[in-house]
file my_file26.txt (compact mmCIF, C-alpha atoms)
# COMPACT_ATOMS: atom_id res chain seq x y z
CA MET A 17 -29.23 -17.14 18.44
CA SER A 18 -25.71 -18.07 17.41
CA PRO A 19 -23.10 -15.28 17.42
CA ALA A 20 -22.51 -13.47 14.13
CA ARG A 21 -19.49 -14.60 12.18
CA ARG A 22 -16.62 -12.21 11.69
CA PRO A 23 -16.78 -10.66 8.21
CA LEU A 24 -14.46 -12.22 5.65
CA PRO A 25 -12.74 -10.24 2.89
CA PRO A 26 -14.41 -10.85 -0.49
CA SER A 27 -10.98 -11.35 -2.08
CA SER A 28 -10.32 -14.43 0.05
CA SER A 29 -13.83 -15.83 0.53
CA LEU A 30 -15.68 -15.61 -2.81
CA PRO A 31 -15.55 -18.75 -4.99
CA PRO A 32 -13.65 -18.38 -8.29
CA LEU A 33 -15.95 -17.38 -11.15
CA ARG A 34 -14.51 -20.04 -13.45
CA SER A 35 -15.55 -22.83 -11.05
CA LEU A 36 -19.05 -21.66 -10.10
CA ASN A 37 -20.65 -24.72 -11.72
CA ASP A 38 -18.51 -26.90 -9.45
CA GLN A 39 -19.91 -25.19 -6.35
CA PRO A 40 -23.05 -26.37 -4.56
CA GLU A 41 -25.97 -23.97 -4.68
CA SER A 42 -25.66 -23.39 -0.94
CA SER A 43 -22.09 -22.08 -1.31
CA ILE A 44 -23.08 -19.51 -3.92
CA LEU A 45 -26.12 -18.36 -1.96
CA SER A 46 -23.99 -18.14 1.19
CA ALA A 47 -21.37 -16.03 -0.62
CA LEU A 48 -24.05 -13.68 -1.93
CA GLY A 49 -25.61 -13.51 1.52
CA SER A 50 -22.26 -12.51 3.03
CA LEU A 51 -21.81 -9.78 0.42
CA HIS A 52 -25.33 -8.51 1.06
CA ALA A 53 -24.74 -8.45 4.82
CA LEU A 54 -21.45 -6.59 4.33
CA TYR A 55 -22.49 -3.98 1.77
CA CYS A 56 -26.25 -3.70 2.38
CA PRO A 57 -26.57 -3.78 6.19
CA LEU A 58 -29.93 -3.16 7.75
CA PRO A 59 -30.49 0.22 9.42
CA THR A 60 -29.83 0.11 13.15
CA SER A 61 -33.51 0.17 14.13
CA GLU A 62 -34.36 -2.67 11.79
CA ALA A 63 -31.45 -4.82 12.86
CA PHE A 64 -32.33 -4.36 16.55
CA GLN A 65 -28.80 -3.26 17.32
CA ALA A 66 -28.16 -1.29 20.46
CA SER A 67 -25.21 0.53 18.96
CA SER A 68 -22.71 0.40 16.17
CA ALA A 69 -19.41 2.01 15.28
CA PRO A 70 -19.91 5.64 14.18
CA ARG A 71 -19.36 6.33 10.49
CA ASP A 72 -16.63 8.88 11.20
CA LEU A 73 -14.32 6.48 13.04
CA PRO A 74 -10.84 6.53 11.48
CA ALA A 75 -11.01 2.76 11.05
CA ALA A 76 -13.94 3.17 8.67
CA ALA A 77 -11.57 3.93 5.82
CA ASP A 78 -8.62 1.86 6.92
CA SER A 79 -5.40 2.40 5.03
CA GLY A 80 -4.43 -1.24 5.28
CA TYR A 81 -2.63 -0.77 8.58
CA ALA A 82 -4.29 -1.41 11.91
CA SER A 83 -3.04 1.17 14.40
CA ASP A 84 -3.76 -1.23 17.25
CA ASN A 85 -4.22 -4.99 17.34
CA ASP A 86 -6.86 -5.14 20.05
CA GLU A 87 -8.33 -8.62 19.86
CA ASP A 88 -11.59 -7.29 21.31
CA THR A 89 -12.34 -5.11 18.30
CA GLY A 90 -16.05 -5.52 17.64
CA LYS A 91 -17.47 -7.23 14.61
CA ASP A 92 -19.28 -4.03 13.66
CA GLU A 93 -16.00 -2.14 13.39
CA GLU A 94 -14.49 -4.94 11.31
CA SER A 95 -17.48 -4.73 8.98
CA PHE A 96 -16.97 -0.98 8.59
CA GLN A 97 -13.31 -1.53 7.75
CA LEU A 98 -14.10 -4.12 5.08
CA ARG A 99 -17.05 -2.18 3.70
CA ASP A 100 -14.90 0.91 3.08
CA ASP A 101 -11.83 -0.98 1.85
CA PRO A 102 -11.52 0.12 -1.82
CA TYR A 103 -9.65 -3.01 -2.90
CA GLU A 104 -12.21 -5.37 -1.41
CA ARG A 105 -15.05 -3.28 -2.78
CA ALA A 106 -13.57 -3.31 -6.30
CA PHE A 107 -12.95 -7.06 -6.04
CA ALA A 108 -16.56 -7.65 -5.00
CA GLU A 109 -17.82 -5.41 -7.81
CA ARG A 110 -15.86 -7.33 -10.44
CA TRP A 111 -17.01 -10.67 -9.02
CA LEU A 112 -20.67 -9.63 -8.98
CA THR A 113 -20.43 -8.30 -12.53
CA GLY A 114 -18.90 -11.59 -13.67
CA PHE A 115 -21.49 -13.61 -11.79
CA LEU A 116 -24.42 -11.73 -13.30
CA GLY A 117 -22.92 -12.10 -16.76
CA ARG A 118 -23.02 -15.90 -16.52
CA ALA A 119 -25.80 -16.53 -14.00
CA GLU A 120 -28.40 -17.51 -16.61
CA GLU A 121 -26.14 -20.29 -17.91
CA LEU A 122 -25.14 -21.77 -14.55
CA THR A 123 -26.38 -25.32 -13.95
CA CYS A 124 -25.51 -25.50 -10.25
CA PHE A 125 -28.85 -24.10 -9.09
CA GLU A 126 -31.47 -26.63 -8.04
CA SER A 127 -34.40 -24.54 -9.25
CA GLU A 128 -35.22 -21.45 -11.28
CA GLU A 129 -36.49 -19.86 -8.08
CA SER A 130 -33.15 -20.16 -6.31
CA GLN A 131 -31.35 -18.96 -9.44
CA GLN A 132 -33.55 -15.86 -9.61
CA ARG A 133 -33.06 -15.26 -5.89
CA ALA A 134 -29.29 -15.30 -6.42
CA ILE A 135 -29.54 -12.90 -9.37
CA ASP A 136 -31.74 -10.52 -7.39
CA LYS A 137 -29.37 -10.50 -4.44
CA ALA A 138 -26.31 -9.94 -6.63
CA SER A 139 -28.08 -7.11 -8.46
CA CYS A 140 -29.06 -5.51 -5.16
CA VAL A 141 -25.48 -5.49 -3.85
CA LEU A 142 -24.06 -4.25 -7.14
CA ALA A 143 -26.62 -1.45 -7.30
CA SER A 144 -25.66 -0.32 -3.80
CA PHE A 145 -22.11 0.39 -5.02
CA PHE A 146 -23.41 3.16 -7.27
CA SER A 147 -25.72 4.80 -4.74
CA GLN A 148 -23.11 6.76 -2.81
CA ASP A 149 -23.29 10.52 -3.17
CA GLU A 150 -20.26 12.79 -3.30
CA GLN A 151 -20.39 13.51 0.42
CA GLU A 152 -19.94 9.86 1.28
CA ILE A 153 -16.81 9.75 -0.89
CA GLU A 154 -15.38 12.84 0.81
CA ASP A 155 -16.00 11.27 4.21
CA THR A 156 -13.48 8.55 3.41
CA GLU A 157 -10.55 11.01 3.62
CA ILE A 158 -8.96 10.34 7.00
CA THR A 159 -6.06 12.00 8.83
CA ARG A 160 -4.32 9.86 11.45
CA ASP A 161 -1.14 9.75 13.51
CA TYR A 162 1.05 6.65 13.27
CA ASN A 163 3.64 5.94 15.95
CA PHE A 164 6.81 3.91 15.47
CA THR A 165 9.49 3.08 18.04
CA LEU A 166 12.98 3.98 16.84
CA ASN A 167 15.51 1.64 18.43
CA LEU A 168 18.71 3.54 19.19
CA ASP A 169 20.33 0.68 21.07
CA SER A 170 24.00 0.26 20.06
CA CYS A 171 23.76 3.10 17.52
CA GLU A 172 26.99 5.03 17.63
CA ILE A 173 25.88 8.64 17.33
CA GLU A 174 28.53 11.33 17.21
CA GLY A 175 28.61 13.29 20.44
CA HIS A 176 26.47 10.76 22.30
CA GLY A 177 28.42 7.53 22.14
CA ALA A 178 26.44 4.30 22.34
CA SER A 179 22.78 5.02 22.94
CA THR A 180 20.48 2.58 24.71
CA ASP A 181 17.39 4.73 24.34
CA SER A 182 14.42 4.51 22.07
CA GLN A 183 12.49 7.33 20.49
CA THR A 184 8.87 7.55 19.40
CA ILE A 185 8.52 8.64 15.78
CA THR A 186 5.12 10.12 14.94
CA VAL A 187 3.95 10.55 11.35
CA ARG A 188 0.67 12.29 10.51
CA LEU A 189 -0.88 11.21 7.22
CA THR A 190 -4.03 11.90 5.29
CA ASP A 191 -5.26 8.85 3.40
CA GLY A 192 -7.81 9.30 0.64
CA LEU A 193 -10.02 6.89 -1.26
CA ALA A 194 -8.00 5.12 -3.93
CA GLY A 195 -9.54 3.08 -6.70
CA ARG A 196 -12.48 5.36 -7.51
CA ASP A 197 -11.82 4.59 -11.16
CA ASN A 198 -11.24 0.89 -11.72
CA THR A 199 -9.53 1.61 -15.05
CA ASP A 200 -6.92 3.85 -13.42
CA HIS A 201 -4.60 2.11 -10.94
CA THR A 202 -2.24 5.09 -10.63
CA ASP A 203 -4.19 6.67 -7.77
CA VAL A 204 -3.38 3.79 -5.39
CA GLY A 205 -0.90 6.19 -3.74
CA LEU A 206 -3.80 8.00 -2.07
CA GLN A 207 -3.62 5.27 0.55
CA SER A 208 -0.83 3.88 2.69
CA TRP A 209 -0.24 0.20 1.96
CA GLY A 210 1.11 -2.63 4.07
CA ALA A 211 4.59 -2.73 2.52
CA ALA A 212 5.24 0.89 3.50
CA PHE A 213 4.44 0.09 7.12
CA ILE A 214 6.60 -3.05 7.07
CA PHE A 215 9.55 -1.06 5.69
CA THR A 216 9.06 1.78 8.19
CA GLU A 217 8.86 -0.67 11.10
CA LEU A 218 12.07 -2.30 9.84
CA MET A 219 13.96 0.99 9.52
CA CYS A 220 12.95 1.95 13.05
CA ALA A 221 13.63 -1.43 14.66
CA THR A 222 17.04 -2.00 13.05
CA PRO A 223 18.34 1.09 11.21
CA THR A 224 21.77 -0.45 10.61
CA ARG A 225 20.12 -3.29 8.68
CA LEU A 226 19.23 -0.76 5.99
CA ASN A 227 22.55 1.11 6.23
CA LEU A 228 20.82 4.07 7.85
CA THR A 229 23.96 5.30 9.59
CA LYS A 230 26.22 8.31 9.25
CA ASP A 231 29.13 6.04 8.31
CA ALA A 232 27.17 4.60 5.40
CA LEU A 233 25.33 7.73 4.27
CA GLY A 234 27.39 10.68 5.47
CA SER A 235 25.80 13.81 6.92
CA VAL A 236 24.08 15.05 3.75
CA PRO A 237 22.83 12.02 1.79
CA ARG A 238 20.49 12.37 -1.15
CA ILE A 239 17.53 9.98 -0.86
CA ILE A 240 14.77 9.62 -3.45
CA GLU A 241 11.56 7.70 -2.86
CA LEU A 242 9.92 6.29 -5.99
CA GLY A 243 6.14 5.92 -5.97
CA ALA A 244 5.96 7.65 -2.58
CA GLY A 245 2.16 7.66 -2.32
CA THR A 246 1.14 9.25 0.98
CA GLY A 247 4.82 9.76 1.85
CA LEU A 248 4.98 7.44 4.85
CA VAL A 249 8.49 6.13 4.12
CA GLY A 250 10.04 9.44 3.03
CA ILE A 251 8.50 11.39 5.91
CA SER A 252 9.61 8.68 8.37
CA LEU A 253 13.15 8.91 7.01
CA GLY A 254 13.03 12.65 7.61
CA ARG A 255 12.06 11.97 11.22
CA VAL A 256 14.49 9.10 11.83
CA LEU A 257 17.77 10.16 10.21
CA PRO A 258 18.57 13.16 12.47
CA TYR A 259 18.39 10.84 15.50
CA LEU A 260 20.98 8.62 13.78
CA GLY A 261 23.48 11.43 13.30
CA VAL A 262 22.53 12.09 9.68
CA SER A 263 21.88 15.75 10.23
CA ALA A 264 21.08 17.19 6.82
CA PRO A 265 19.51 14.62 4.48
CA ALA A 266 17.95 15.76 1.22
CA ILE A 267 14.82 13.67 0.67
CA ILE A 268 12.72 13.84 -2.50
CA ALA A 269 9.42 11.93 -2.52
CA THR A 270 8.19 11.31 -6.06
CA ASP A 271 4.96 10.09 -7.63
CA PHE A 272 3.08 10.34 -10.91
CA HIS A 273 -0.64 10.88 -10.27
CA PRO A 274 -1.51 14.60 -9.77
CA THR A 275 -4.00 13.94 -6.94
CA VAL A 276 -1.46 11.71 -5.19
CA LEU A 277 1.21 14.41 -5.52
CA ALA A 278 -1.07 17.05 -4.02
CA ASN A 279 -1.84 14.81 -1.04
CA LEU A 280 1.86 13.90 -0.70
CA GLN A 281 2.88 17.56 -0.55
CA ALA A 282 0.15 18.26 2.01
CA ASN A 283 1.40 15.39 4.18
CA ILE A 284 4.97 16.72 4.03
CA VAL A 285 3.76 20.14 5.19
CA LYS A 286 1.76 18.53 8.02
CA ASN A 287 4.86 16.80 9.35
CA PHE A 288 7.44 19.51 8.63
CA PRO A 289 5.60 22.85 8.88
CA ALA A 290 8.86 24.75 9.34
CA LEU A 291 9.91 23.85 5.80
CA SER A 292 6.99 25.79 4.37
CA GLN A 293 7.77 28.83 6.54
CA ASP A 294 11.51 29.30 6.98
CA ARG A 295 13.94 26.72 5.58
CA SER A 296 16.81 28.33 7.46
CA GLN A 297 15.40 26.93 10.69
CA THR A 298 16.25 23.32 9.74
CA SER A 299 19.05 21.55 7.88
CA LEU A 300 16.64 18.86 6.68
CA SER A 301 15.32 19.11 3.13
CA ILE A 302 12.24 17.13 2.07
CA GLN A 303 10.02 17.86 -0.90
CA ALA A 304 7.62 16.23 -3.37
CA ALA A 305 8.33 16.04 -7.09
CA PRO A 306 6.56 14.51 -10.12
CA LEU A 307 8.18 11.54 -11.83
CA ASN A 308 6.92 9.34 -14.64
CA TRP A 309 9.08 6.19 -14.82
CA GLU A 310 8.18 5.53 -18.44
CA THR A 311 9.43 8.96 -19.59
CA PRO A 312 11.40 10.35 -16.63
CA ASP A 313 12.12 14.06 -16.55
CA LEU A 314 15.30 14.38 -14.50
CA SER A 315 15.38 18.13 -14.35
CA PRO A 316 15.77 19.78 -10.91
CA PRO A 317 15.27 18.62 -8.23
CA LEU A 318 15.95 15.20 -9.78
CA ASP A 319 19.05 16.24 -11.71
CA GLU A 320 21.52 14.69 -9.25
CA GLN A 321 21.94 10.98 -8.62
CA ALA A 322 20.91 9.51 -5.26
CA ASP A 323 22.86 7.75 -2.55
CA MET A 324 19.72 5.75 -1.81
CA LEU A 325 16.52 4.94 -3.68
CA VAL A 326 13.49 3.56 -1.85
CA ALA A 327 10.24 2.12 -3.18
CA THR A 328 7.47 0.11 -1.48
CA ASP A 329 4.62 -1.72 -3.22
CA VAL A 330 4.96 0.05 -6.56
CA ILE A 331 4.60 -2.80 -9.08
CA TYR A 332 1.05 -3.04 -10.45
CA GLY A 333 1.65 -4.00 -14.09
CA PRO A 334 4.07 -6.25 -16.04
CA GLU A 335 5.78 -3.20 -17.55
CA HIS A 336 6.30 -1.38 -14.25
CA ALA A 337 9.39 -3.33 -13.16
CA VAL A 338 11.13 -2.54 -16.47
CA TRP A 339 10.26 1.16 -16.21
CA LEU A 340 11.42 1.17 -12.59
CA ARG A 341 14.73 -0.52 -13.47
CA ASP A 342 15.48 1.87 -16.33
CA CYS A 343 14.59 4.86 -14.21
CA ALA A 344 16.64 3.66 -11.22
CA ALA A 345 19.64 3.04 -13.49
CA ARG A 346 19.68 6.74 -14.34
CA MET A 347 19.12 7.94 -10.78
CA LEU A 348 21.37 5.76 -8.59
CA LYS A 349 24.99 6.61 -7.83
CA PRO A 350 27.63 3.95 -8.62
CA ASP A 351 28.00 3.19 -4.90
CA GLY A 352 24.32 3.74 -4.06
CA VAL A 353 21.70 1.27 -2.88
CA PHE A 354 18.10 0.75 -3.98
CA TRP A 355 15.74 -0.74 -1.38
CA LEU A 356 12.63 -2.19 -3.02
CA MET A 357 9.90 -3.64 -0.79
CA LEU A 358 7.60 -5.77 -2.91
CA THR A 359 4.10 -6.97 -2.05
CA VAL A 360 3.36 -10.52 -3.21
CA ARG A 361 -0.28 -10.95 -4.24
CA THR A 362 -1.62 -14.41 -4.97
CA THR A 363 -5.20 -13.51 -5.94
CA GLY A 364 -6.94 -10.84 -7.97
CA LYS A 365 -5.80 -8.91 -11.02
CA PHE A 366 -2.30 -8.29 -9.61
CA GLU A 367 -1.60 -11.99 -9.09
CA GLY A 368 1.89 -12.94 -10.32
CA ILE A 369 2.97 -9.35 -11.04
CA SER A 370 5.66 -9.61 -8.34
CA SER A 371 7.62 -12.14 -10.42
CA THR A 372 8.48 -9.40 -12.93
CA VAL A 373 10.98 -7.85 -10.50
CA ARG A 374 13.48 -10.71 -10.66
CA ALA A 375 13.13 -10.90 -14.43
CA SER A 376 13.82 -7.17 -14.80
CA PHE A 377 16.67 -6.81 -12.29
CA ASN A 378 18.72 -9.81 -13.46
CA GLY A 379 21.66 -7.83 -14.83
CA ARG A 380 21.11 -9.12 -18.38
CA ASP A 381 19.30 -6.10 -19.80
CA GLY A 382 22.35 -4.49 -21.35
CA LEU A 383 22.27 -1.45 -19.04
CA ARG A 384 25.68 -0.37 -17.75
CA ASN A 385 26.82 2.55 -15.63
CA CYS A 386 29.96 4.58 -16.19
CA ASP A 387 32.05 1.83 -14.53
CA GLY A 388 30.57 -0.91 -16.69
CA CYS A 389 28.52 -2.37 -13.82
CA VAL A 390 24.99 -3.76 -14.09
CA LEU A 391 22.01 -2.98 -11.86
CA THR A 392 20.95 -6.20 -10.22
CA ILE A 393 19.45 -7.79 -7.12
CA LEU A 394 22.19 -8.22 -4.50
CA ASP A 395 20.11 -9.67 -1.67
CA GLU A 396 16.53 -10.64 -0.85
CA GLU A 397 14.56 -11.12 2.37
CA ARG A 398 11.02 -12.37 2.87
CA PHE A 399 8.56 -11.12 5.48
CA ALA A 400 5.26 -12.73 6.43
CA ARG A 401 2.22 -10.48 6.56
CA PRO A 402 1.63 -9.64 10.25
CA SER A 403 -1.84 -9.60 11.73
CA GLY A 404 -3.46 -6.20 11.31
CA ILE A 405 -1.38 -5.10 8.32
CA GLY A 406 -2.25 -5.41 4.65
CA ARG A 407 -5.24 -6.80 2.82
CA GLY A 408 -6.64 -10.16 1.89
CA ASP A 409 -4.71 -10.42 -1.38
CA GLU A 410 -1.31 -9.72 0.22
CA SER A 411 0.44 -12.98 1.09
CA GLU A 412 3.93 -11.75 1.99
CA TYR A 413 6.50 -9.01 1.42
CA ARG A 414 9.95 -9.25 -0.12
CA LEU A 415 12.73 -6.76 0.44
CA PHE A 416 15.28 -6.50 -2.38
CA ARG A 417 18.66 -4.83 -1.99
CA ILE A 418 19.52 -3.67 -5.49
CA GLY A 419 22.77 -2.09 -6.56
CA TRP A 420 25.51 -1.88 -9.18
CA SER A 421 27.58 -5.03 -9.59
CA PRO A 422 30.57 -5.83 -11.81
CA VAL A 423 29.80 -8.06 -14.79
CA LEU A 424 31.00 -11.58 -14.01

call {"tool": "encode", "arguments": {"input": "my_file26.txt", "output": "structure tokens"}}
result
Amino acid sequence: MSPARRPLPPSSSLPPLRSLNDQPESSILSALGSLHALYCPLPTSEAFQASSAPRDLPAAADSGYASDNDEDTGKDEESFQLRDDPYERAFAERWLTGFLGRAEELTCFESEESQQRAIDKASCVLASFFSQDEQEIEDTEITRDYNFTLNLDSCEIEGHGASTDSQTITVRLTDGLAGRDNTDHTDVGLQSWGAAFIFTELMCATPTRLNLTKDALGSVPRIIELGAGTGLVGISLGRVLPYLGVSAPAIIATDFHPTVLANLQANIVKNFPALSQDRSQTSLSIQAAPLNWETPDLSPPLDEQADMLVATDVIYGPEHAVWLRDCAARMLKPDGVFWLMLTVRTTGKFEGISSTVRASFNGRDGLRNCDGCVLTILDEERFARPSGIGRGDESEYRLFRIGWSPVL
């Protein structure tokens, strides 16, 4: 018996619906077979498997970030990761729905029997998506610790001189199941996405690259995260900045969806329990706050402009970049910086959305600050998607440094 193939993400392996008639019958049946194997696996006794990954493994509801990159990870565990990936599941559901809607008219099948077999298999997989009970959904809420290495080499920290040490930064996060309602994309913040991990790795590896120094920020900078989601970036900043001599940062992590905000606040408390007990015991301030970019309410604690704005993977619609720009223009100090880490997606319903950022932050929107400057992209870097981070539709990440610039 030949070894089983590693499972492939539906988003990168299913043939496009518009070209199904150009596919051989074997390709369509193979694609349906792969979906059936992924989402309708045989029970252990029937599959003659000696063992399989337990359902309560953290990896079973992966956030998009692999905590380790062990090349020996078993195929069963990979299948569990893909099976419980909400993006891949939603992609497969949409594909199956589209396939069934046009299956009767497809001419690529060699016989009515094979056509019916394909319809039956697609219907079986699609039906399995609606058979979960509430307990199974609750089981996808996972709490995990993520470790990052903060590089303090050559960082001039007051009272310590040049440090050549490193420090492990641990962040504990609860990730929930995003995408339960395919018509509501605003709950994507229940999960930590690849761009947030890329940005956090970058801030820890080279803090000076992001101006995370006391000289640049002062001792009490005001930092606001937009679309904070699970709070990975904001919480990591709260961990990192004191080691860099920034002793009393005020960090506000914002989001829009009520469920996301509740999870965000819970994650902040997990990582900074002292803040919920006695604020006098720490000079750090970090809190969650609601913010709707379309109609921003800038009452306290958002009533003061920020030295730094941060956002990672927050553009999911053509209007989002415009809302984000207009909101940032009201919230960023004249000498502040806005770090925007963008996820570039080349397949699926978010394909091409990333291009709206350049169009929105081009300085030609008519917005001016009190000094007559425009909010525009000052610099851009591109990052390839590393192995073990992100999902099948994420091709790369782009980091934009955005700030106020004089009109030329």

call {"tool": "closest_atom_pairs", "arguments": {"input": "my_file26.txt", "of": "segment 202-265 of chain A", "to": "segment 410-419 of chain A", "cutoff": "9 Å", "atoms": "all atoms listed in the file", "output": "Markdown table"}}
result
| residue | atom | partner | partner_atom | distance |
| --- | --- | --- | --- | --- |
| A:Gly210 | CA | A:Glu410 | CA | 8.4 |
| A:Ala211 | CA | A:Tyr413 | CA | 6.7 |
| A:Ile214 | CA | A:Tyr413 | CA | 8.2 |
| A:Phe215 | CA | A:Leu415 | CA | 8.4 |
| A:Leu226 | CA | A:Arg417 | CA | 9.0 |

call {"tool": "closest_residue", "arguments": {"input": "my_file26.txt", "among": "A:Ala106, A:Trp111, A:Cys389, A:Thr216", "to": "Ala47 of chain A", "atoms": "all atoms listed in the file"}}
result
A:Trp111

call {"tool": "axis_aligned_box", "arguments": {"input": "my_file26.txt", "around": "segment 304-307 of chain A", "padding_each_side": "8 Å", "output": "JSON"}}
result
{"center_x": 7.4, "center_y": 13.9, "center_z": -7.6, "size_x": 17.8, "size_y": 20.7, "size_z": 24.5}

call {"tool": "atom_distance", "arguments": {"input": "my_file26.txt", "atom1": "atom CA of Asn385 of chain A", "atom2": "atom CA of Ala327 of chain A"}}
result
20.7 Å

call {"tool": "closest_residue", "arguments": {"input": "my_file26.txt", "among": "A:Tyr259, A:Phe213, A:Phe399, A:Trp309", "to": "Gly247 of chain A", "atoms": "only C-alpha atoms"}}
result
A:Phe213

call {"tool": "closest_atom_pairs", "arguments": {"input": "my_file26.txt", "of": "segment 324-394 of chain A", "to": "segment 232-241 of chain A", "cutoff": "9 Å", "atoms": "only C-alpha atoms", "output": "Markdown table"}}
result
| residue | atom | partner | partner_atom | distance |
| --- | --- | --- | --- | --- |
| A:Met324 | CA | A:Ile239 | CA | 4.9 |
| A:Leu325 | CA | A:Ile240 | CA | 5.0 |
| A:Val326 | CA | A:Glu241 | CA | 4.7 |
| A:Ala327 | CA | A:Glu241 | CA | 5.7 |
| A:Thr328 | CA | A:Glu241 | CA | 8.7 |
| A:Met347 | CA | A:Ile240 | CA | 8.7 |

call {"tool": "write_last_selection", "arguments": {"input": "my_file26.txt", "atoms": "C-alpha atoms", "output": "mmCIF file, in the frame of the given file"}}
result
data_model
loop_
_atom_site.group_PDB
_atom_site.id
_atom_site.type_symbol
_atom_site.label_atom_id
_atom_site.label_comp_id
_atom_site.auth_asym_id
_atom_site.auth_seq_id
_atom_site.Cartn_x
_atom_site.Cartn_y
_atom_site.Cartn_z
ATOM 1 C CA MET A 324 19.720 5.750 -1.810
ATOM 2 C CA LEU A 325 16.520 4.940 -3.680
ATOM 3 C CA VAL A 326 13.490 3.560 -1.850
ATOM 4 C CA ALA A 327 10.240 2.120 -3.180
ATOM 5 C CA THR A 328 7.470 0.110 -1.480
ATOM 6 C CA MET A 347 19.120 7.940 -10.780
#

call {"tool": "atom_distance", "arguments": {"input": "my_file26.txt", "atom1": "atom CA of Ser127 of chain A", "atom2": "atom CA of Ser29 of chain A"}}
result
24.4 Å

call {"tool": "residues_around", "arguments": {"input": "my_file26.txt", "residues": "Leu30 of chain A", "least_positions_apart": "5", "cutoff": "10 Å", "atoms": "only C-alpha atoms", "output": "ChimeraX atom specification"}}
result
/A:24-25,43-44,46-48,50-51,107-108,111-112

call {"tool": "atom_distance", "arguments": {"input": "my_file26.txt", "atom1": "atom CA of Phe145 of chain A", "atom2": "atom CA of Ser27 of chain A"}}
result
16.4 Å

call {"tool": "closest_residue", "arguments": {"input": "my_file26.txt", "among": "A:Asp231, A:Asp381, A:Asp329, A:Glu217", "to": "Val423 of chain A", "atoms": "only C-alpha atoms"}}
result
A:Asp381

call {"tool": "closest_residue", "arguments": {"input": "my_file26.txt", "among": "A:Tyr103, A:Ile284, A:Ala305, A:Thr123", "to": "Asp409 of chain A", "atoms": "all atoms listed in the file"}}
result
A:Tyr103

call {"tool": "closest_residue", "arguments": {"input": "my_file26.txt", "among": "A:Leu383, A:Ala304, A:Leu358, A:Ile267", "to": "Gly245 of chain A", "atoms": "all atoms listed in the file"}}
result
A:Ala304
